[in-house]
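Asker: Sharing entry30.csv below, CSV, C-alpha atoms and all ligand atoms:
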```
chain,number,residue,atom,x,y,z
A,1,MET,CA,166.3,97.3,82.3
A,2,MET,CA,164.5,95.5,79.6
A,3,HIS,CA,160.7,95.5,79.9
A,4,ALA,CA,158.9,92.1,79.8
A,5,TYR,CA,155.1,91.7,79.1
A,6,PHE,CA,152.6,89.1,80.3
A,7,SER,CA,149.0,88.8,81.2
A,8,ASP,CA,147.4,86.2,83.5
A,9,ASP,CA,144.6,85.8,80.9
A,10,GLN,CA,147.2,83.8,78.9
A,11,LEU,CA,147.0,81.0,81.5
A,12,ARG,CA,143.3,80.3,80.8
A,13,HIS,CA,143.6,78.3,77.6
A,14,HIS,CA,144.3,74.6,78.0
A,15,GLY,CA,144.0,72.4,75.0
A,16,LYS,CA,144.4,69.2,77.2
A,17,THR,CA,144.8,66.6,74.4
A,18,PHE,CA,146.0,66.2,70.9
A,19,ILE,CA,146.5,63.1,68.6
A,20,VAL,CA,150.0,61.7,68.1
A,21,ALA,CA,150.5,58.5,66.2
A,22,GLY,CA,146.8,57.9,66.3
A,23,GLU,CA,146.6,58.2,70.0
A,24,LYS,CA,145.2,60.9,72.3
A,25,LYS,CA,148.1,62.3,74.3
A,26,PRO,CA,148.3,65.2,76.8
A,27,ILE,CA,149.1,68.4,75.0
A,28,PRO,CA,152.5,69.7,76.1
A,29,GLU,CA,151.6,73.4,75.5
A,30,VAL,CA,150.4,73.8,79.1
A,31,PRO,CA,149.8,76.9,81.2
A,32,GLU,CA,152.7,75.8,83.5
A,33,ARG,CA,155.1,76.7,80.7
A,34,ALA,CA,154.3,80.4,81.2
A,35,GLU,CA,154.7,80.1,84.9
A,36,ILE,CA,158.1,78.5,84.5
A,37,LEU,CA,159.2,81.2,82.0
A,38,SER,CA,157.9,83.9,84.4
A,39,GLY,CA,160.3,82.5,87.0
A,40,ALA,CA,163.2,83.1,84.6
A,41,VAL,CA,161.9,86.7,84.0
A,42,ALA,CA,161.9,87.3,87.8
A,43,ARG,CA,165.4,85.8,88.2
A,44,LEU,CA,166.6,88.1,85.4
A,45,GLY,CA,165.2,91.1,87.3
A,46,LEU,CA,163.2,92.4,84.3
A,47,ASP,CA,160.3,94.7,84.9
A,48,LEU,CA,157.2,92.7,84.2
A,49,HIS,CA,154.2,94.6,82.8
A,50,ALA,CA,150.6,93.7,82.0
A,51,PRO,CA,149.9,94.5,78.3
A,52,LYS,CA,147.5,97.3,77.4
A,53,ASP,CA,144.6,96.4,75.2
A,54,ALA,CA,145.3,97.8,71.7
A,55,GLY,CA,142.1,96.4,70.3
A,56,ILE,CA,141.5,94.0,67.4
A,57,ASP,CA,143.0,96.2,64.6
A,58,PRO,CA,146.6,95.1,64.9
A,59,ILE,CA,145.4,91.4,64.9
A,60,ALA,CA,143.0,92.0,62.0
A,61,ALA,CA,146.0,93.5,60.0
A,62,ILE,CA,147.4,89.9,59.9
A,63,HIS,CA,144.4,87.6,60.3
A,64,ASP,CA,141.3,87.1,58.1
A,65,GLY,CA,138.0,88.4,59.6
A,66,ARG,CA,136.2,85.1,59.2
A,67,TYR,CA,139.0,83.3,61.0
A,68,LEU,CA,138.8,85.8,64.0
A,69,ASN,CA,135.1,85.4,64.1
A,70,PHE,CA,135.4,81.6,64.1
A,71,LEU,CA,137.9,81.6,67.0
A,72,GLN,CA,135.5,83.8,69.0
A,73,THR,CA,132.2,82.0,68.3
A,74,ILE,CA,132.8,78.3,67.4
A,75,TYR,CA,132.9,76.9,70.9
A,76,PRO,CA,129.3,77.5,72.0
A,77,GLU,CA,128.1,76.5,68.5
A,78,TRP,CA,130.0,73.2,68.7
A,79,LEU,CA,128.7,72.4,72.1
A,80,ALA,CA,125.1,73.3,71.2
A,81,ALA,CA,125.4,70.9,68.2
A,82,GLY,CA,126.5,68.0,70.6
A,83,GLY,CA,130.2,68.4,70.1
A,84,SER,CA,132.8,67.2,72.8
A,85,GLU,CA,134.6,69.5,75.2
A,86,LEU,CA,137.2,70.5,72.6
A,87,VAL,CA,136.7,71.7,69.0
A,88,ILE,CA,138.8,69.2,66.9
A,89,PRO,CA,138.2,68.8,63.2
A,90,ASN,CA,137.6,65.5,61.3
A,91,ILE,CA,137.8,66.7,57.7
A,92,HIS,CA,140.0,69.3,55.9
A,93,PRO,CA,139.5,70.8,52.4
A,94,PHE,CA,142.0,70.0,49.6
A,95,ASP,CA,142.3,73.7,49.1
A,96,ARG,CA,140.5,76.7,50.6
A,97,ASP,CA,139.3,78.6,47.5
A,98,GLY,CA,135.9,77.0,47.3
A,99,PRO,CA,132.7,78.3,49.1
A,100,TYR,CA,133.1,79.0,52.8
A,101,PRO,CA,131.5,76.2,54.8
A,102,ARG,CA,128.3,76.9,56.7
A,103,HIS,CA,128.4,73.8,59.0
A,104,HIS,CA,130.4,74.1,62.2
A,105,ALA,CA,132.4,70.9,61.4
A,106,GLY,CA,133.2,72.3,58.0
A,107,ARG,CA,134.4,75.6,59.5
A,108,ALA,CA,136.5,73.6,62.1
A,109,GLY,CA,138.2,71.7,59.2
A,110,PHE,CA,138.7,75.0,57.3
A,111,HIS,CA,140.4,76.9,60.1
A,112,LEU,CA,142.1,74.3,62.2
A,113,GLY,CA,145.1,72.8,60.3
A,114,ASP,CA,145.8,69.8,62.5
A,115,THR,CA,144.7,68.2,65.8
A,116,SER,CA,147.2,70.1,67.9
A,117,CYS,CA,145.2,73.3,68.0
A,118,PRO,CA,141.9,72.4,69.7
A,119,VAL,CA,139.6,75.2,70.6
A,120,SER,CA,138.4,75.3,74.3
A,121,PRO,CA,136.0,77.8,75.9
A,122,THR,CA,139.0,80.0,76.9
A,123,THR,CA,141.2,79.7,73.8
A,124,TRP,CA,140.2,83.1,72.3
A,125,HIS,CA,140.8,84.9,75.6
A,126,SER,CA,144.3,83.5,76.0
A,127,ALA,CA,145.2,83.9,72.3
A,128,TYR,CA,143.9,87.5,72.3
A,129,ALA,CA,145.9,88.3,75.5
A,130,SER,CA,149.0,86.6,74.0
A,131,ALA,CA,148.7,88.9,70.9
A,132,GLN,CA,148.3,92.0,73.1
A,133,THR,CA,151.4,91.0,75.0
A,134,ALA,CA,153.3,91.0,71.7
A,135,ILE,CA,151.7,94.3,70.7
A,136,SER,CA,152.6,96.0,74.0
A,137,ALA,CA,156.2,94.9,73.8
A,138,THR,CA,156.4,96.1,70.2
A,139,HIS,CA,154.9,99.5,71.1
A,140,HIS,CA,157.4,99.9,73.9
A,141,VAL,CA,160.1,99.6,71.3
A,142,ARG,CA,158.4,101.4,68.4
A,143,ASP,CA,156.9,104.3,70.3
A,144,GLY,CA,158.7,104.2,73.7
A,145,GLY,CA,162.3,104.3,72.3
A,146,ALA,CA,163.4,101.1,73.9
A,147,MET,CA,166.0,99.1,72.0
A,148,SER,CA,164.5,95.8,73.1
A,149,ALA,CA,161.5,94.2,74.9
A,150,TYR,CA,160.4,90.6,75.7
A,151,ALA,CA,156.9,89.3,75.2
A,152,LEU,CA,156.1,86.2,77.2
A,153,CYS,CA,153.5,85.0,74.6
A,154,ARG,CA,151.5,81.9,75.4
A,155,PRO,CA,149.8,80.3,73.5
A,156,PRO,CA,152.6,80.6,70.8
A,157,GLY,CA,151.9,81.9,67.3
A,158,HIS,CA,154.4,81.0,64.5
A,159,HIS,CA,152.4,78.0,63.1
A,160,ALA,CA,149.3,80.1,62.6
A,161,SER,CA,148.7,81.5,59.1
A,162,ARG,CA,146.3,84.3,58.1
A,163,THR,CA,143.3,81.9,58.2
A,164,ILE,CA,144.5,78.6,59.8
A,165,ALA,CA,145.6,77.6,63.3
A,166,GLY,CA,148.1,74.8,63.8
A,167,GLY,CA,150.8,73.4,66.1
A,168,PHE,CA,149.4,74.9,69.4
A,169,CYS,CA,149.2,78.3,67.6
A,170,TYR,CA,146.1,80.5,67.0
A,171,LEU,CA,147.2,84.1,66.5
A,172,ASN,CA,150.6,84.8,64.9
A,173,ASN,CA,152.1,87.0,67.6
A,174,SER,CA,155.5,87.4,65.8
A,175,ALA,CA,153.8,88.4,62.5
A,176,ILE,CA,151.5,90.9,64.4
A,177,ALA,CA,154.6,92.4,66.0
A,178,ALA,CA,156.4,92.7,62.7
A,179,GLN,CA,153.4,94.4,61.0
A,180,GLU,CA,153.1,96.9,63.9
A,181,LEU,CA,156.8,97.7,63.5
A,182,ARG,CA,156.2,98.4,59.8
A,183,ALA,CA,154.2,101.5,60.7
A,184,LYS,CA,157.6,103.1,61.7
A,185,TYR,CA,160.3,101.0,60.0
A,186,ASP,CA,160.7,100.3,56.3
A,187,ARG,CA,162.4,96.9,56.6
A,188,VAL,CA,161.6,94.4,59.3
A,189,ALA,CA,163.1,90.9,59.7
A,190,ILE,CA,161.6,88.0,61.7
A,191,LEU,CA,164.3,85.6,62.9
A,192,ASP,CA,162.7,82.3,64.0
A,193,VAL,CA,165.0,80.1,66.2
A,194,ASP,CA,162.2,77.7,67.4
A,195,LEU,CA,162.9,74.0,66.9
A,196,HIS,CA,160.0,73.9,64.4
A,197,HIS,CA,159.8,75.8,61.1
A,198,GLY,CA,157.7,79.0,61.4
A,199,ASN,CA,155.4,77.9,58.6
A,200,GLY,CA,152.6,80.4,59.5
A,201,THR,CA,154.9,83.3,59.5
A,202,GLN,CA,156.5,82.3,56.2
A,203,HIS,CA,153.1,81.9,54.6
A,204,ILE,CA,151.9,85.4,55.8
A,205,PHE,CA,154.8,87.3,54.4
A,206,TYR,CA,155.7,85.0,51.4
A,207,ASP,CA,155.0,87.5,48.7
A,208,ARG,CA,156.4,90.6,50.5
A,209,SER,CA,159.8,92.3,50.3
A,210,ASP,CA,159.3,94.6,53.3
A,211,VAL,CA,159.3,91.8,55.9
A,212,MET,CA,162.1,89.3,55.6
A,213,THR,CA,161.4,85.9,57.2
A,214,LEU,CA,164.2,83.6,58.3
A,215,SER,CA,163.8,80.3,60.2
A,216,ILE,CA,166.4,77.9,61.6
A,217,HIS,CA,164.8,74.5,62.5
A,218,ALA,CA,164.9,70.7,62.4
A,219,ASP,CA,164.8,69.4,58.8
A,220,PRO,CA,161.1,69.2,57.8
A,221,HIS,CA,161.9,66.0,55.8
A,222,ASP,CA,162.0,64.4,59.2
A,223,PHE,CA,160.0,66.7,61.5
A,224,TYR,CA,156.9,68.7,62.0
A,225,PRO,CA,155.6,70.7,60.0
A,226,PHE,CA,156.7,68.4,57.2
A,227,PHE,CA,155.3,70.4,54.3
A,228,TRP,CA,157.2,73.6,54.7
A,229,GLY,CA,160.6,74.8,55.8
A,230,HIS,CA,162.8,73.5,53.0
A,231,GLY,CA,165.8,75.5,51.8
A,232,GLU,CA,164.4,76.0,48.3
A,233,GLU,CA,161.3,78.0,49.6
A,234,THR,CA,162.6,81.5,49.0
A,235,GLY,CA,159.4,83.5,48.5
A,236,GLU,CA,157.1,84.4,45.5
A,237,GLY,CA,156.3,87.5,43.5
A,238,ASP,CA,157.8,90.6,45.2
A,239,GLY,CA,158.9,88.3,48.1
A,240,ILE,CA,161.4,86.2,46.1
A,241,GLY,CA,164.6,86.3,48.0
A,242,PHE,CA,163.0,87.5,51.2
A,243,ASN,CA,162.4,84.1,52.8
A,244,HIS,CA,165.2,82.0,54.1
A,245,ASN,CA,165.0,78.5,55.6
A,246,ILE,CA,168.0,76.8,57.3
A,247,PRO,CA,166.9,73.2,58.1
A,248,LEU,CA,169.3,71.4,60.4
A,249,PRO,CA,169.8,67.6,60.7
A,250,LEU,CA,168.0,66.0,63.6
A,251,GLY,CA,170.2,66.0,66.7
A,252,SER,CA,172.3,69.0,65.7
A,253,GLY,CA,173.8,70.9,68.7
A,254,ASP,CA,175.4,74.2,69.6
A,255,SER,CA,178.0,74.5,66.9
A,256,VAL,CA,175.8,73.6,64.0
A,257,PHE,CA,173.0,75.9,65.3
A,258,LEU,CA,175.5,78.8,65.8
A,259,ASP,CA,176.9,78.5,62.3
A,260,ALA,CA,173.3,78.6,60.9
A,261,LEU,CA,172.6,81.7,63.0
A,262,ASP,CA,175.7,83.4,61.6
A,263,ARG,CA,174.3,82.8,58.1
A,264,ALA,CA,170.9,84.2,59.1
A,265,LEU,CA,172.4,87.3,60.7
A,266,ALA,CA,174.4,88.0,57.6
A,267,LYS,CA,171.2,87.9,55.6
A,268,ILE,CA,169.5,90.3,58.0
A,269,ASP,CA,172.5,92.6,57.6
A,270,ASP,CA,172.4,92.4,53.8
A,271,PHE,CA,168.7,93.2,53.9
A,272,GLY,CA,169.4,96.3,56.0
A,273,ALA,CA,166.7,95.6,58.6
A,274,ASP,CA,165.6,98.6,60.5
A,275,ALA,CA,163.9,96.4,63.2
A,276,VAL,CA,163.9,92.7,64.1
A,277,VAL,CA,161.4,90.4,65.7
A,278,VAL,CA,162.9,87.2,67.2
A,279,ALA,CA,160.5,84.3,67.3
A,280,LEU,CA,162.1,82.9,70.4
A,281,GLY,CA,161.3,79.2,70.7
A,282,LEU,CA,163.4,77.3,73.2
A,283,ASP,CA,162.5,73.8,72.1
A,284,ALA,CA,165.7,73.3,70.2
A,285,SER,CA,167.0,72.5,73.7
A,286,ARG,CA,168.6,69.1,74.3
A,287,ASP,CA,166.2,68.6,77.2
A,288,ASP,CA,163.0,69.5,75.4
A,289,PRO,CA,160.5,66.7,75.2
A,290,PHE,CA,160.3,67.1,71.4
A,291,GLY,CA,163.9,66.0,71.2
A,292,GLY,CA,164.7,67.3,67.7
A,293,LEU,CA,167.9,69.3,68.3
A,294,THR,CA,170.4,69.3,71.2
A,295,VAL,CA,171.2,73.0,72.1
A,296,SER,CA,172.7,73.4,75.6
A,297,PRO,CA,171.9,76.2,78.1
A,298,ASP,CA,175.3,77.6,77.2
A,299,GLY,CA,174.4,77.4,73.5
A,300,PHE,CA,171.3,79.5,74.2
A,301,ALA,CA,173.5,82.1,75.9
A,302,LYS,CA,175.7,82.2,72.8
A,303,ILE,CA,172.6,82.4,70.5
A,304,GLY,CA,171.4,85.4,72.6
A,305,GLU,CA,174.8,87.1,72.4
A,306,LYS,CA,174.9,86.8,68.7
A,307,ILE,CA,171.4,88.1,68.2
A,308,GLY,CA,172.3,90.9,70.6
A,309,THR,CA,174.9,92.2,68.1
A,310,LEU,CA,172.0,93.4,65.8
A,311,LEU,CA,172.2,97.1,65.9
A,312,CYS,CA,168.5,97.8,65.4
A,313,PRO,CA,165.5,97.7,67.8
A,314,THR,CA,164.6,94.1,68.6
A,315,VAL,CA,161.4,92.5,70.0
A,316,LEU,CA,161.7,89.1,71.5
A,317,VAL,CA,158.4,87.1,71.1
A,318,GLN,CA,158.2,83.8,73.0
A,319,GLU,CA,157.2,80.8,70.8
A,320,GLY,CA,157.7,77.2,71.8
A,321,GLY,CA,159.8,75.5,74.5
A,322,TYR,CA,158.2,72.8,76.6
A,323,VAL,CA,158.4,71.7,80.2
A,324,SER,CA,161.9,70.3,81.0
A,325,ASN,CA,164.4,70.8,83.8
A,326,THR,CA,166.2,73.5,81.8
A,327,LEU,CA,163.2,75.5,80.3
A,328,ALA,CA,163.7,78.4,82.7
A,329,GLU,CA,167.5,78.2,82.5
A,330,ASN,CA,167.4,78.3,78.7
A,331,LEU,CA,165.4,81.6,78.7
A,332,TYR,CA,167.6,83.0,81.5
A,333,GLN,CA,170.7,82.2,79.5
A,334,PHE,CA,169.3,83.5,76.2
A,335,ILE,CA,168.2,86.9,77.7
A,336,SER,CA,171.4,87.2,79.7
A,337,GLY,CA,173.5,86.7,76.6
A,338,PHE,CA,171.3,88.9,74.5
A,339,SER,CA,171.2,91.8,77.0
A,340,ALA,CA,175.0,91.7,77.6
A,341,THR,CA,175.8,92.4,73.9
A,342,LYS,CA,172.7,94.5,73.2
A,343,ASP,CA,173.3,96.9,76.1
A,344,ARG,CA,177.0,97.3,75.1
A,345,ASN,CA,176.2,98.1,71.5
A,346,ASP,CA,173.4,100.4,72.3
A,347,VAL,CA,175.7,102.5,74.6
A,348,THR,CA,178.2,102.7,71.7
A,349,ILE,CA,175.4,103.9,69.3
A,350,SER,CA,174.1,106.5,71.7
A,351,GLU,CA,177.6,107.9,72.3
A,352,GLY,CA,177.9,108.3,68.6
A,353,PRO,CA,181.2,108.2,66.6
A,354,LYS,CA,184.2,109.4,68.5
B,1,ZN,ZN,158.4,74.6,68.3
```
Would you mind writing the structure in this file as structure tokens?

Answerer:
Amino acid sequence: MMHAYFSDDQLRHHGKTFIVAGEKKPIPEVPERAEILSGAVARLGLDLHAPKDAGIDPIAAIHDGRYLNFLQTIYPEWLAAGGSELVIPNIHPFDRDGPYPRHHAGRAGFHLGDTSCPVSPTTWHSAYASAQTAISATHHVRDGGAMSAYALCRPPGHHASRTIAGGFCYLNNSAIAAQELRAKYDRVAILDVDLHHGNGTQHIFYDRSDVMTLSIHADPHDFYPFFWGHGEETGEGDGIGFNHNIPLPLGSGDSVFLDALDRALAKIDDFGADAVVVALGLDASRDDPFGGLTVSPDGFAKIGEKIGTLLCPTVLVQEGGYVSNTLAENLYQFISGFSATKDRNDVTISEGPK
């Protein structure tokens, strides 16, 4: 039975509001998401484990020390300076190669990429626990010999870069998982099926050939994160050819998504990945409040089945997917489909050639 990981500390962060079209709106990345997803984990009968604390090192292998310090210390500083109940920036630098800002508002603008990643008093505790959940699932696969594991990460991670939070994300759980896998495996792929482009993950590995990043998402010409996720972004330096974006027209459903997935899986095969991280967003659902794509619950089962055909160890890391009447069902269908093909293949591998 596949192990799943989750810590109650991940429920503590609540960003409350963000700004959409100039208006303050309730943030959809709510603790309730994790409770709904836990319900699907229970229905699947997976063993649910609390993560072990592996310390800061695996996180610091991906994120800049100043950024980690900022996330841990900015809140009291902001409050003491008369700031509101959430740290939300009001100015951003043109680029980030100038002097590091001393003022708290300057540092907020330096490290927070948009208004959808407010820092509350509990943000660090939940983001840290979410990263530990990804790390424990990864170690179960890397060191425990399991062929797969599921990390119920919340807050999500794939919009966070080395130094910048964004899109409800603070610590890039999928990137941290991939880097931990690199300690054992030469070639690791991150396959991101979230509705939104995994811009943080792309940025972190953009000049590397040892971690291939692939993302299937709503076309950024028309959708968040707007500046990244186009097909011509293929990497730089040693990383050229190791980043693949497959943008889909808004409203695309099961068949378009599954065709894109076939192309992504062929790239992973060509790369010869030794291990895979799935950045498992469920917000491509037709019922998701973001409304970008129209994947059905049955579509998620088929996406899971196809990803389950990968013959290497696979860590599933939860990314987006917001409250709707099929959120739990979509996770249930994905993992059911994934486990059905994965278990069959793994038995074939362990029996060896006949
Ligand atoms: Zn998303």

Asker: Can you tell me which residues surround region 175-183 of chain A at a distance of at most 8 Å, considering only C-alpha atoms, apart from same-chain residues fewer than 5 positions away, and format the answer as a list in words?

Answerer: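 Residues near the query, excluding close chain neighbours: Pro58, Ile59, Ala61, Ile62, Ala131, Ala134, Ile135, Thr138, His139, Arg142, His158, Val188, Ala189, Ile190, Thr201, Ile204, Val211, Ala275, Val276, Val277 and Val315 of chain A.
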
Asker: Name each residue within 7 Å of ligand ZN 1 (chain B), counting only C-alpha atoms and all ligand atoms, as a VMD selection string.

Answerer: chain A and resid 194 to 196 281 283 319 to 321

Asker: Please measure the separation of CA of Ala301 (chain A) and CA of Phe338 (chain A), giving the value in Å to one decimal.

Answerer: 7.3 Å

Asker: Quote the spacing between CA of Thr163 (chain A) and CA of Phe227 (chain A) in Å to one decimal place.

Answerer: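 Going from CA of Thr163 (chain A) over to CA of Phe227 (chain A), I get 17.1 Å.
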
Asker: Considering all atoms listed in the file, state which residue in the set A:Ser120, A:Ser255, A:Ser285, A:Asn325 is at the smallest distance from Lys302 (chain A).

Answerer: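 Residue with the minimum atom-to-atom distance to Lys302 (chain A): A:Ser255.
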
Asker: So, with all atoms listed in the file as the atoms that count, which of A:Asp64, A:Glu329, A:Glu233, A:Glu305 lies closest to Asn172 (chain A)?

Answerer: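 Counting all atoms listed in the file, the residue closest to Asn172 (chain A) is A:Asp64.
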
Asker: What are the nearest atom pairs, with distances in Å to one decimal, for all residues of region 293-343 of chain A that come at most 7 Å from region 32-52 of chain A, using all atoms listed in the file, set out by chain and rising residue number as CSV?

Answerer:
```
residue,atom,partner,partner_atom,distance
A:Tyr322,CA,A:Arg33,CA,6.5
A:Val323,CA,A:Arg33,CA,6.0
A:Ala328,CA,A:Ala40,CA,5.1
A:Glu329,CA,A:Ala40,CA,6.8
A:Leu331,CA,A:Ala40,CA,6.5
A:Tyr332,CA,A:Ala40,CA,5.4
```

Asker: Interatomic distance between CA of Tyr67 (chain A) and CA of Leu79 (chain A)?

Answerer: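 These two atoms are separated by 18.7 Å.
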
Asker: Choose the residue, out of A:Leu214, A:Val193, A:Ala160, A:Met2, that has the smallest atom-to-atom separation from His140 (chain A); count all atoms listed in the file.

Answerer: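 Among A:Leu214, A:Val193, A:Ala160, A:Met2, it is A:Met2 that comes nearest to His140 (chain A).
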
Asker: Counting only C-alpha atoms, write as a ChimeraX atom specification all protein and nucleic acid residues lying at most 9 Å from (156.2, 82.3, 47.3) in the file's frame.

Answerer: /A:202-203,205-208,233-240,243

Asker: Would you mind listing what lies within 6 Å of Ser116 (chain A) as a PyMOL selection string, with only C-alpha atoms counted and same-chain residues fewer than 2 positions away left out?

Answerer: chain A and resi 18+114+167-168

Asker: Hey, can I get the axis-aligned box for region 260-266 of chain A? All listed atoms, 8 Å padding on each side, centre and edge lengths in Å to one decimal, as JSON.

Answerer:
```
{"center_x": 173.3, "center_y": 83.3, "center_z": 60.3, "size_x": 20.8, "size_y": 25.4, "size_z": 21.4}
```

Asker: Taking into account only C-alpha atoms, which residue in the set A:Gln318, A:Thr326, A:Ser148, A:Asn69 is nearest to Lys342 (chain A)?

Answerer: A:Ser148

Asker: Which residues come within 12 Å of Phe94 (chain A), counting only C-alpha atoms, excluding same-chain residues fewer than 5 positions away, as a PyMOL selection string?

Answerer: chain A and resi 109-110+113

Asker: Taking into account only C-alpha atoms, which residue in the set A:Gln10, A:Gln72, A:Thr314, A:Asn245 is nearest to Ala137 (chain A)?

Answerer: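 Counting only C-alpha atoms, the residue closest to Ala137 (chain A) is A:Thr314.
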
Asker: Tell me which protein, DNA and RNA residues are within 12 Å of Arg344 (chain A), counting only C-alpha atoms, leaving out same-chain ones fewer than 6 positions away, and put them as a PyMOL selection string.

Answerer: chain A and resi 147+305+308-311+337-338+350-351

Asker: Which residue, A:His125, A:His92, A:Arg286, A:Lys25, has the smallest gap to Leu11 (chain A) when you use only C-alpha atoms?

Answerer: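 Of all the options, A:His125 lies closest to Leu11 (chain A).
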
Asker: Using all atoms listed in the file, collect all residues at a distance of at most 8 Å from (131.0, 75.4, 75.1) as written in the file, then present them as a PyMOL selection string.

Answerer: chain A and resi 75-80+85+120-121

Asker: Name the residues in contact with Pro249 (chain A) at a cut-off of 9 Å, using all atoms listed in the file, excluding same-chain residues fewer than 4 positions from it; report them as number ranges by chain.

Answerer: A: 217-219, 222, 292-293

Asker: Next, write the just-selected residues to a file, as a JSON list (two decimals), in the frame of the given file, keeping C-alpha atoms as the atom set.

Answerer:
```
[["chain", "number", "residue", "atom", "x", "y", "z"],
["A", 217, "HIS", "CA", 164.80, 74.50, 62.50],
["A", 218, "ALA", "CA", 164.90, 70.70, 62.40],
["A", 219, "ASP", "CA", 164.80, 69.40, 58.80],
["A", 222, "ASP", "CA", 162.00, 64.40, 59.20],
["A", 292, "GLY", "CA", 164.70, 67.30, 67.70],
["A", 293, "LEU", "CA", 167.90, 69.30, 68.30]]
```

Asker: Could I see region 258-263 of chain A restored to all heavy atoms, set down as a PDB file, in the coordinates of the input?

Answerer:
```
ATOM      1  N   LEU A 258     174.806  77.519  65.815  1.00  0.00           N
ATOM      2  CA  LEU A 258     175.500  78.800  65.800  1.00  0.00           C
ATOM      3  C   LEU A 258     175.981  79.198  64.423  1.00  0.00           C
ATOM      4  O   LEU A 258     175.922  80.368  64.019  1.00  0.00           O
ATOM      5  CB  LEU A 258     176.564  78.884  66.863  1.00  0.00           C
ATOM      6  CG  LEU A 258     176.044  78.879  68.313  1.00  0.00           C
ATOM      7  CD1 LEU A 258     177.162  78.535  69.302  1.00  0.00           C
ATOM      8  CD2 LEU A 258     175.403  80.222  68.675  1.00  0.00           C
ATOM      9  N   ASP A 259     176.460  78.212  63.673  1.00  0.00           N
ATOM     10  CA  ASP A 259     176.900  78.500  62.300  1.00  0.00           C
ATOM     11  C   ASP A 259     175.684  78.919  61.437  1.00  0.00           C
ATOM     12  O   ASP A 259     175.782  79.848  60.639  1.00  0.00           O
ATOM     13  CB  ASP A 259     177.481  77.205  61.654  1.00  0.00           C
ATOM     14  CG  ASP A 259     178.881  76.924  62.187  1.00  0.00           C
ATOM     15  OD1 ASP A 259     179.441  77.809  62.863  1.00  0.00           O
ATOM     16  OD2 ASP A 259     179.403  75.819  61.934  1.00  0.00           O
ATOM     17  N   ALA A 260     174.556  78.231  61.623  1.00  0.00           N
ATOM     18  CA  ALA A 260     173.300  78.600  60.900  1.00  0.00           C
ATOM     19  C   ALA A 260     172.909  80.019  61.264  1.00  0.00           C
ATOM     20  O   ALA A 260     172.500  80.814  60.407  1.00  0.00           O
ATOM     21  CB  ALA A 260     172.220  77.599  61.193  1.00  0.00           C
ATOM     22  N   LEU A 261     173.022  80.334  62.548  1.00  0.00           N
ATOM     23  CA  LEU A 261     172.600  81.700  63.000  1.00  0.00           C
ATOM     24  C   LEU A 261     173.527  82.747  62.383  1.00  0.00           C
ATOM     25  O   LEU A 261     173.032  83.810  61.997  1.00  0.00           O
ATOM     26  CB  LEU A 261     172.725  81.719  64.550  1.00  0.00           C
ATOM     27  CG  LEU A 261     172.297  83.025  65.209  1.00  0.00           C
ATOM     28  CD1 LEU A 261     170.855  83.399  64.869  1.00  0.00           C
ATOM     29  CD2 LEU A 261     172.467  82.931  66.727  1.00  0.00           C
ATOM     30  N   ASP A 262     174.808  82.478  62.246  1.00  0.00           N
ATOM     31  CA  ASP A 262     175.700  83.400  61.600  1.00  0.00           C
ATOM     32  C   ASP A 262     175.221  83.719  60.155  1.00  0.00           C
ATOM     33  O   ASP A 262     175.229  84.869  59.704  1.00  0.00           O
ATOM     34  CB  ASP A 262     177.138  82.877  61.517  1.00  0.00           C
ATOM     35  CG  ASP A 262     177.851  82.980  62.858  1.00  0.00           C
ATOM     36  OD1 ASP A 262     177.431  83.801  63.695  1.00  0.00           O
ATOM     37  OD2 ASP A 262     178.831  82.228  63.061  1.00  0.00           O
ATOM     38  N   ARG A 263     174.797  82.658  59.446  1.00  0.00           N
ATOM     39  CA  ARG A 263     174.300  82.800  58.100  1.00  0.00           C
ATOM     40  C   ARG A 263     173.031  83.677  58.062  1.00  0.00           C
ATOM     41  O   ARG A 263     172.850  84.557  57.226  1.00  0.00           O
ATOM     42  CB  ARG A 263     174.069  81.492  57.396  1.00  0.00           C
ATOM     43  CG  ARG A 263     175.315  80.616  57.335  1.00  0.00           C
ATOM     44  CD  ARG A 263     175.298  79.667  56.131  1.00  0.00           C
ATOM     45  NE  ARG A 263     174.195  78.718  56.116  1.00  0.00           N
ATOM     46  CZ  ARG A 263     174.160  77.577  56.824  1.00  0.00           C
ATOM     47  NH1 ARG A 263     175.151  77.268  57.636  1.00  0.00           N
ATOM     48  NH2 ARG A 263     173.136  76.766  56.733  1.00  0.00           N
TER      49      ARG A 263
END
```
